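Structure first, then comments.
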Amino acid sequence: MRKALVVGIDNYSSCPLNCCCNDADDMARILSNNGDGSANFVVKIEKDVSKKADLRRLIEECFSGNSDVALFYFSGHGHIDAVGGYLVTPDYSKYDCGVSLQDILTIANNSKCRNKIIILDSCYSGFMGDINTSGQSTTIINEGVTILTASRSTETSIEVNGHGLFTSLLIEAMEGGAADITGHITPGGIYAYIDKALGPWEQRPVFKTNVTRFTSLRNVVPRVDMAVIRKICDYFNREDERLPLNPSFEPTNTPNVKHEILEPYADENNVRIFSDLQKLEGIGLVAPVEEEHMYFAAMNSKSCELTSIGKQYWRLVSKNLI
């Protein structure tokens with residue numbers, strides 16, 4: 001079971017927002033299914049939750065039980081004071097702003113769900129996980145908890161084009177921008193994508209986690225079929241081996257094509273292997289040796305080899321881990 005609570009609040013009386021319900025709609029959509037259309041999270045979406053008590057109840061329900069993954073996403077106002085940080089609800093008052101970030105972390109820390117993920121698009125959300133006492137700040141995150149926030153504890157969150165800037169990038173990342181070679185999209189990959197995409201913006205995302213292995217939040221179709229990636233050990237007997245090439249690997253090197261051709265002519269089996277190697281080159285696992293392109297490596301009888309990340313995937317395939 002993978003369940004997600006998605007909350008967006010625009011309806012604040014004194015300082016309404018314009019994008020948070022839009023953010024919630026998009027997050028619910030993207031979390032519900034994987035890239036191939038298969039079911040992903042069972043999503044509960046709540047918009048304009050009016051009371052602190054209701055938001056607190058929803059969060060506790062999200063992290064109840066023993067699901068494999070429980071995810072909480074919030075888009076709305078955030079606030080910090082001398083005591084801590086809060087997710088603000090429309091019934092806020094001066095000394096009762098909303099649900100405290102410390103309470104949310106305590107709920108997640110105590111949850112029996114295997115993986116607990118908290119994603120916040122709100123001002124000062126980077127305070128999540130911190131406890132300030134006597135001028136010292138500490139972070140206490142139990143195993144299995146991951147936190148991804150839109151901004152640091154001293155920063156506001158920016159809105160652009162009807163969405164939060166952070167959530168806009170988050171959606172891009174989950175649509176495939178942050179996918180690894182196998183098509184998995186993890187919290188770490190999402191953070192790296194957003195952090196790089198923000199560029200010169202002052203708002204910076206915050207990522208905190210205590211996990212032994214990242215869980216995939218969404219899967220998309222890999223750029224290269226997994227069957228091709230798994231052949232990497234068929235083509236390279238060792239991770240440091242160079243695979244010799246010659247003109248027979250190049251499919252256009254045939255008498256049927258009017259251009260300069262070289263012996264040995266295109267061989268059907270080698271052409272099939274070369275097609276896989278070019279795909280692996282396209283995702284950074286294989287590189288030609290002493291030539292800029294695989295075409296010239298073949299036509300000039302050079303070779304190709306695994307890149308550093310290619311060697312890592314060779315090890316994973318050799319151990320039947322992918």
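Residue names in the structure tokens use chain letters A, B, ... in the order shown, residue numbers from 1 in each chain, and ligand numbers from 1 in the order shown.
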
For this session: Would you list the contacts of segment 175-191 of chain A as a PyMOL selection string, taking every protein, DNA or RNA residue within 9 Å and counting only C-alpha atoms, but skipping same-chain residues closer than 5 positions in sequence?
Result: chain A and resi 30+34-35+117+146-148+169-170+196+205-207+214-226+229+283+322

For this session: Looking only at strand (DSSP E) from DSSP on the backbone, list the matching residues of segment 6-108 of chain A as a ChimeraX atom specification.
Result: /A:6-8,42-47,69-75,78-80,85-93,96-100

Just write the chosen residues, C-alpha atoms, as a PDB file, in the first residue's frame.
ATOM      1  CA  VAL A   6      -2.267  16.111  -0.662  1.00  0.00           C
ATOM      2  CA  VAL A   7      -3.364  19.423   0.870  1.00  0.00           C
ATOM      3  CA  GLY A   8      -3.647  22.848  -0.768  1.00  0.00           C
ATOM      4  CA  VAL A  42      -3.841   5.996  -3.366  1.00  0.00           C
ATOM      5  CA  VAL A  43      -4.288   9.759  -3.080  1.00  0.00           C
ATOM      6  CA  LYS A  44      -6.530  11.700  -0.734  1.00  0.00           C
ATOM      7  CA  ILE A  45      -6.744  15.349  -1.787  1.00  0.00           C
ATOM      8  CA  GLU A  46      -8.041  18.026   0.584  1.00  0.00           C
ATOM      9  CA  LYS A  47      -8.341  21.652  -0.505  1.00  0.00           C
ATOM     10  CA  VAL A  69       4.976   4.427   1.811  1.00  0.00           C
ATOM     11  CA  ALA A  70       3.021   7.287   3.417  1.00  0.00           C
ATOM     12  CA  LEU A  71       3.476  10.692   1.784  1.00  0.00           C
ATOM     13  CA  PHE A  72       2.208  14.084   2.975  1.00  0.00           C
ATOM     14  CA  TYR A  73       2.270  17.083   0.633  1.00  0.00           C
ATOM     15  CA  PHE A  74       1.234  20.595   1.678  1.00  0.00           C
ATOM     16  CA  SER A  75       0.965  23.840  -0.260  1.00  0.00           C
ATOM     17  CA  GLY A  78       3.975  28.755   6.523  1.00  0.00           C
ATOM     18  CA  HIS A  79       5.008  30.697   9.620  1.00  0.00           C
ATOM     19  CA  ILE A  80       7.815  30.701  12.163  1.00  0.00           C
ATOM     20  CA  GLY A  85       7.497  26.587  12.539  1.00  0.00           C
ATOM     21  CA  TYR A  86       3.895  25.966  11.471  1.00  0.00           C
ATOM     22  CA  LEU A  87       1.679  25.045   8.555  1.00  0.00           C
ATOM     23  CA  VAL A  88      -0.905  27.791   8.737  1.00  0.00           C
ATOM     24  CA  THR A  89      -4.651  27.071   8.579  1.00  0.00           C
ATOM     25  CA  PRO A  90      -7.384  29.657   7.897  1.00  0.00           C
ATOM     26  CA  ASP A  91      -8.513  29.615  11.556  1.00  0.00           C
ATOM     27  CA  TYR A  92      -5.138  30.926  12.718  1.00  0.00           C
ATOM     28  CA  SER A  93      -4.697  33.436  15.524  1.00  0.00           C
ATOM     29  CA  ASP A  96      -2.135  29.599  17.441  1.00  0.00           C
ATOM     30  CA  CYS A  97      -1.037  29.677  13.789  1.00  0.00           C
ATOM     31  CA  GLY A  98      -1.694  26.116  12.775  1.00  0.00           C
ATOM     32  CA  VAL A  99      -0.142  22.660  12.947  1.00  0.00           C
ATOM     33  CA  SER A 100       3.430  22.816  14.207  1.00  0.00           C
TER      34      SER A 100
END

Problem set entry | Backbone DSSP call of helix (DSSP H, G or I) for segment 199-241 of chain A, listed as a PyMOL selection string | chain A and resi 226-229+232-235

How would the residues just picked look written out with N, CA and C atoms as a PDB file, in the first residue's frame?
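New file selection.pdb:
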ATOM      1  N   MET A 226      14.958  -1.758 -20.334  1.00  0.00           N
ATOM      2  CA  MET A 226      15.769  -2.453 -19.330  1.00  0.00           C
ATOM      3  C   MET A 226      16.418  -3.706 -19.903  1.00  0.00           C
ATOM      4  N   ALA A 227      15.793  -4.324 -20.893  1.00  0.00           N
ATOM      5  CA  ALA A 227      16.388  -5.518 -21.500  1.00  0.00           C
ATOM      6  C   ALA A 227      17.723  -5.192 -22.142  1.00  0.00           C
ATOM      7  N   VAL A 228      17.849  -3.986 -22.689  1.00  0.00           N
ATOM      8  CA  VAL A 228      19.121  -3.558 -23.284  1.00  0.00           C
ATOM      9  C   VAL A 228      20.152  -3.312 -22.197  1.00  0.00           C
ATOM     10  N   ILE A 229      19.738  -2.636 -21.132  1.00  0.00           N
ATOM     11  CA  ILE A 229      20.677  -2.351 -20.035  1.00  0.00           C
ATOM     12  C   ILE A 229      21.201  -3.649 -19.436  1.00  0.00           C
ATOM     13  N   ILE A 232      24.427  -5.474 -20.690  1.00  0.00           N
ATOM     14  CA  ILE A 232      25.729  -4.833 -20.528  1.00  0.00           C
ATOM     15  C   ILE A 232      26.799  -5.849 -20.135  1.00  0.00           C
ATOM     16  N   CYS A 233      26.399  -6.861 -19.355  1.00  0.00           N
ATOM     17  CA  CYS A 233      27.371  -7.894 -18.964  1.00  0.00           C
ATOM     18  C   CYS A 233      27.608  -8.910 -20.075  1.00  0.00           C
ATOM     19  N   ASP A 234      26.699  -8.990 -21.042  1.00  0.00           N
ATOM     20  CA  ASP A 234      26.929  -9.859 -22.191  1.00  0.00           C
ATOM     21  C   ASP A 234      27.990  -9.261 -23.105  1.00  0.00           C
ATOM     22  N   TYR A 235      27.997  -7.940 -23.216  1.00  0.00           N
ATOM     23  CA  TYR A 235      28.920  -7.271 -24.123  1.00  0.00           C
ATOM     24  C   TYR A 235      30.283  -7.001 -23.482  1.00  0.00           C
TER      25      TYR A 235
END

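Checking A:Ala266, A:Leu31, A:Ile59, A:Leu280 one by one against Ala298 of chain A, counting only C-alpha atoms, you find the shortest gap at A:Ala266.
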
Exercise. Pick the closest to Pro16 of chain A from A:Asn40, A:Phe236, A:His77, A:Gly65: which is it, counting only C-alpha atoms?
Worked result: A:His77

For this session: Identify which of the residues A:Asn210, A:Asn22, A:Ser318, A:Ser64 lies closest to Arg230 of chain A, counting only C-alpha atoms when measuring atom-to-atom distances.
Result: A:Ser318

Problem set entry | Atomic separation - atom CA of Pro247 of chain A relative to atom CA of Phe274 of chain A, Å | 10.4 Å

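The interatomic distance for the pair atom CA of Ser67 of chain A and atom CA of Glu143 of chain A works out to 15.0 Å.
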